[in-house]
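S.K.: Could you have a look at this structure, given as C-alpha cells, before my questions?
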Amino acid sequence: MKSKLKVAAIAVAMASPAMAANFVNMENPLYQPRTNEVYSKTAVGYMIKKTDDTEAQQAWDHANTWESPIWRIYQDLGYGITDRLAVYGQVGYTNNPGQDRAGLHAGRIGVNYRALADESNLVWDVYADAHLGGLSKMTGTFHGPVTMGMNGFKYDGYGTGQYGMYVGTRIGHTWDALTAAAYLEFGHMFRNDNTEITLELPGMLAGAAAAYFPDGIKGKAVADLYGFTDWVVGAKALYQVDDTWSIGMGVARKHHAQHVVKTGKATVTNAVAPGPVPPFPPAETVNAQVAQGIANMFSGITFGDSFTEYPIQLLIANQLTENVQVTLYGEYTFDKGDYGSQNTTDFKLETGVRLNVWF
C-alpha cells in the first residue's frame, strides 16, 4: 500500500510542473500567443452614463441626461505565427437604444512583434494596426450652427467613416506573481468623405424666401473630413493570486482630436414653389442656391469635439481550465472635452464579463 502511495505522489509531482507549463493567463498585460496558438476574447458590457452640459449637448436638449442601458460588445482574435510574432483582430460594437445611437466603436487588424524577451523577464513589443473605421459611414443629423462650429450636429453612430492606422509600443516586466506593463500608441485617420448627414434646419430663412421652406430646410449633406491623430498612454498590472485567481488594474490617458471639414456638399429636397409670380425664381434655382450656401457653411467648419478621457479599470479573473478563463471587469472614466463634444460625461461606468479561450 505504501508503495502505491509513493508512486501516486511521484506521478502528481511530475504532473504539476506540466500543468504549470501549459497554464496561460490571457489577462496578463504581456500575453502573447505562442507558435500556432489561437486565442479568442469575447466580452459583453453594460454602461451607464450622465452627459455633461457642453454646447453640443445643449443644442439638442440633451445636457445633464442619464443614458442607460448602453450595451457594449467586444471580440478579439489572435494567432501566433511564432513565439515572437502574432497577428490579431479587434472589433467593438455599441448600442445606445435610448438615444438611437449605435455602431462600431472599434475595428482593428494588426501585427505584434516581441522585439525583446530576455531571461530577466523584461519584455518589449512593437505593433502596428490598420483601423477599419471606413467600413461604416459617419452618420448624423445637422440642426444648424449654434454659436460656433457644428454644435447642432447629432451623431447617430460612433465612427467618422475614416480608415487609418495605429503604431505603438509596450514594455513590461514580471516579478514572480506580479506583471506590469506600460504602453504608448498613436492613431492617424486618413482624410475621407464617407459621411451621410441628414439636414434638419428650421428657421434658416426669413421674409418672402421662407415661403419656399415653410417646414425648414431638409436634405442631405456630405462632409469631406481632414485626417487627424489620436494618442493613448497607459499602464496595466496583474497579480497572480494562485493558479486559479488573478486580479488586475489599468489606467490610461486617451486624447481624441477634433474633426475639421475640408469641403462640404449638400442637396435640398423640400423647396416649395409659390408659383411663377415675380420676383420669385423657380424652386430648382432656390434649391441649388440654398444647397450651395449650406455646402459653403460646411466647408472649413470645425466640430470643436476634441476630448480627453482617463479610464480606470479593475478586473478579477478565474481560470476555469488550462485554456478557458472568465473575467469580471469594471471601468470608470473621467473625461473633459471641447464645446462640441458629445462624448464627455459627468459620470460614466461600464461593467461586464469576458470569456477568454486559447487553443
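Labels for the C-alpha cells follow display order: chains A, B, ..., residues from 1 in each chain, ligands from 1.
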List every residue of region 182-312 of chain A that DSSP, applied to the backbone of this structure, places in alpha helix (DSSP H), and write the result as a list in words.

M.R.: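 Everything in region 182-312 of chain A that counts as alpha helix (DSSP H) is Ala283, Glu284, Thr285, Val286, Asn287, Ala288, Gln289, Val290, Ala291, Gln292, Gly293, Ile294, Ala295, Asn296, Met297 and Phe298 of chain A.
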
S.K.: Just the residues within 12 Å of Gly45 (chain A), please, counting only C-alpha atoms, with nothing from its chain fewer than 2 positions along; format it as a list in words.

M.R.: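 Result of the neighbour search: Thr42, Ala43, Met47, Ile48, Pro69, Ile70, Trp71, Arg72, Ile73, Tyr74, Gln75, Gly92, Tyr93, Thr94, Asn95, Thr327, Leu328, Tyr329, Gly330, Glu331, Leu349, Glu350, Thr351, Gly352, Val353, Arg354 and Leu355 of chain A.
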
S.K.: Of the candidates A:Lys336, A:Lys265, A:Lys348, A:Lys154, which shows the shortest atom-to-atom distance to Lys50 (chain A), using only C-alpha atoms?

M.R.: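 Among the listed residues, A:Lys348 lies closest to Lys50 (chain A).
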
S.K.: For Gly337 (chain A), find every residue with an atom within 9 Å (counting only C-alpha atoms), except residues of its own chain fewer than 3 positions away, and show them as a PyMOL selection string.

M.R.: chain A and resi 54+304-309+340-345

S.K.: Could you pull out the strand (DSSP E or B) residues of region 48-286 of chain A from DSSP and send them as a PyMOL selection string?

M.R.: chain A and resi 48-51+66-80+85-96+101-117+122-131+138-142+153-155+164-175+178-189+192+195-201+217-225+228-240+245-256+260-268

S.K.: Return the single residue from A:His188, A:Arg101, A:Arg170, A:Arg114 that is closest to Asp129 (chain A), with distances computed using only C-alpha atoms.

M.R.: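 Among the listed residues, the smallest separation from Asp129 (chain A) belongs to A:His188.
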
S.K.: What lies within 8 Å of Gly159 (chain A) using only C-alpha atoms, ignoring chain neighbours under 3 positions off, as a list in words?

M.R.: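 Close residues of Gly159 (chain A): Gly103, Leu104, His105, Gly133, Ser136, Lys137, Met138 and Gln162 of chain A.
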
S.K.: Could you check the closest approach to Val241 (chain A) for each of A:Ala283, A:Ala177, A:Leu122, A:Leu184 and tell me which residue wins, using only C-alpha atoms?

M.R.: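 Looking only at the distances to Val241 (chain A), the closest residue turns out to be A:Ala177.
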
S.K.: Determine, counting only C-alpha atoms, which protein, DNA and RNA residues have an atom within 6 Å of an atom of Ala235 (chain A); residues of the same chain fewer than 4 positions away are not included. Present the result as a PDB file with C-alpha atoms, in the first residue's frame.

M.R.:
ATOM      1  CA  ALA A 181       3.419  46.996 -18.421  1.00  0.00           C
ATOM      2  CA  ALA A 182       3.275  50.491 -19.917  1.00  0.00           C
ATOM      3  CA  GLY A 250      -5.263  49.594 -15.644  1.00  0.00           C
ATOM      4  CA  VAL A 251      -5.079  53.361 -16.098  1.00  0.00           C
TER       5      VAL A 251
END

S.K.: Set the distance at 10 Å and use only C-alpha atoms: which residues neighbour Asp346 (chain A) once local chain neighbours fewer than 5 positions away are removed? I'd like the list as a VMD selection string.

M.R.: chain A and resid 49 to 53 64 to 66 333 to 336

S.K.: Keeping only C-alpha atoms, write those residues as a short mmCIF file (atom, residue, chain, number, x, y, z; two decimals), in the first residue's frame.

M.R.:
data_model
loop_
_atom_site.label_atom_id
_atom_site.label_comp_id
_atom_site.auth_asym_id
_atom_site.auth_seq_id
_atom_site.Cartn_x
_atom_site.Cartn_y
_atom_site.Cartn_z
CA LYS A 49 -23.56 57.46 -18.01
CA LYS A 50 -24.72 61.01 -17.41
CA THR A 51 -23.95 63.61 -20.08
CA ASP A 52 -22.34 66.93 -19.23
CA ASP A 53 -23.51 70.36 -20.36
CA ASN A 64 -27.18 66.53 -17.90
CA THR A 65 -29.16 63.47 -19.03
CA TRP A 66 -28.79 59.88 -17.80
CA THR A 333 -13.93 57.09 -16.82
CA PHE A 334 -13.11 60.70 -16.02
CA ASP A 335 -13.13 62.99 -19.06
CA LYS A 336 -13.16 66.55 -20.32
#

S.K.: Identify, on the basis of only C-alpha atoms, every residue whose closest approach to Asp125 (chain A) does not exceed 12 Å; exclude the query and any residue fewer than 5 positions from it along the same chain; express the result as a PDB file with C-alpha atoms, in the first residue's frame.

M.R.:
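And here is the file that came out, out_12.pdb:
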ATOM      1  CA  PRO A  29      -0.779  42.575 -19.902  1.00  0.00           C
ATOM      2  CA  LEU A  30       2.174  40.897 -21.660  1.00  0.00           C
ATOM      3  CA  TYR A  31       0.211  37.925 -23.000  1.00  0.00           C
ATOM      4  CA  GLN A  32       1.399  36.822 -26.454  1.00  0.00           C
ATOM      5  CA  ARG A  84       7.597  36.438 -31.116  1.00  0.00           C
ATOM      6  CA  LEU A  85       5.250  37.354 -33.979  1.00  0.00           C
ATOM      7  CA  ALA A  86       1.438  37.399 -33.783  1.00  0.00           C
ATOM      8  CA  VAL A 111       0.583  42.557 -36.028  1.00  0.00           C
ATOM      9  CA  ASN A 112       2.669  42.474 -32.846  1.00  0.00           C
ATOM     10  CA  TYR A 113       6.385  41.722 -32.748  1.00  0.00           C
ATOM     11  CA  ARG A 114       8.141  40.816 -29.498  1.00  0.00           C
ATOM     12  CA  ALA A 115      11.422  42.619 -30.003  1.00  0.00           C
ATOM     13  CA  LEU A 116      12.819  41.654 -26.609  1.00  0.00           C
ATOM     14  CA  ALA A 117      12.128  38.771 -24.227  1.00  0.00           C
ATOM     15  CA  VAL A 167       1.526  52.313 -34.259  1.00  0.00           C
ATOM     16  CA  GLY A 168       2.501  51.568 -30.703  1.00  0.00           C
ATOM     17  CA  THR A 169       4.962  50.057 -28.276  1.00  0.00           C
ATOM     18  CA  ARG A 170       4.688  48.232 -24.961  1.00  0.00           C
ATOM     19  CA  ILE A 171       7.274  47.406 -22.327  1.00  0.00           C
ATOM     20  CA  GLY A 172       6.811  45.339 -19.206  1.00  0.00           C
ATOM     21  CA  HIS A 173       8.332  43.111 -16.577  1.00  0.00           C
ATOM     22  CA  ALA A 181       3.419  46.996 -18.421  1.00  0.00           C
ATOM     23  CA  ALA A 182       3.275  50.491 -19.917  1.00  0.00           C
ATOM     24  CA  TYR A 183       2.281  51.349 -23.475  1.00  0.00           C
ATOM     25  CA  LEU A 184       2.096  54.272 -25.886  1.00  0.00           C
ATOM     26  CA  GLU A 185       0.313  54.426 -29.253  1.00  0.00           C
TER      27      GLU A 185
END

S.K.: In terms of the shortest atom-to-atom distance over only C-alpha atoms, which of A:Glu67, A:Asp156, A:Glu119, A:Asp83 is closest to Trp175 (chain A)?

M.R.: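 Residue with the minimum atom-to-atom distance to Trp175 (chain A): A:Glu119.
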
S.K.: For Pro97 (chain A), which residue among A:His255, A:Gly157, A:Gln58, A:Gly78 is the nearest when counting only C-alpha atoms?

M.R.: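 Of A:His255, A:Gly157, A:Gln58, A:Gly78, the one nearest Pro97 (chain A) is A:Gly157, counting only C-alpha atoms.
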
S.K.: Which residue is closest to Asp243 (chain A)? Choose from A:Asp100, A:Asp176, A:Glu322, A:Asp118 and count only C-alpha atoms.

M.R.: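 Selected residue with least distance to Asp243 (chain A): A:Glu322.
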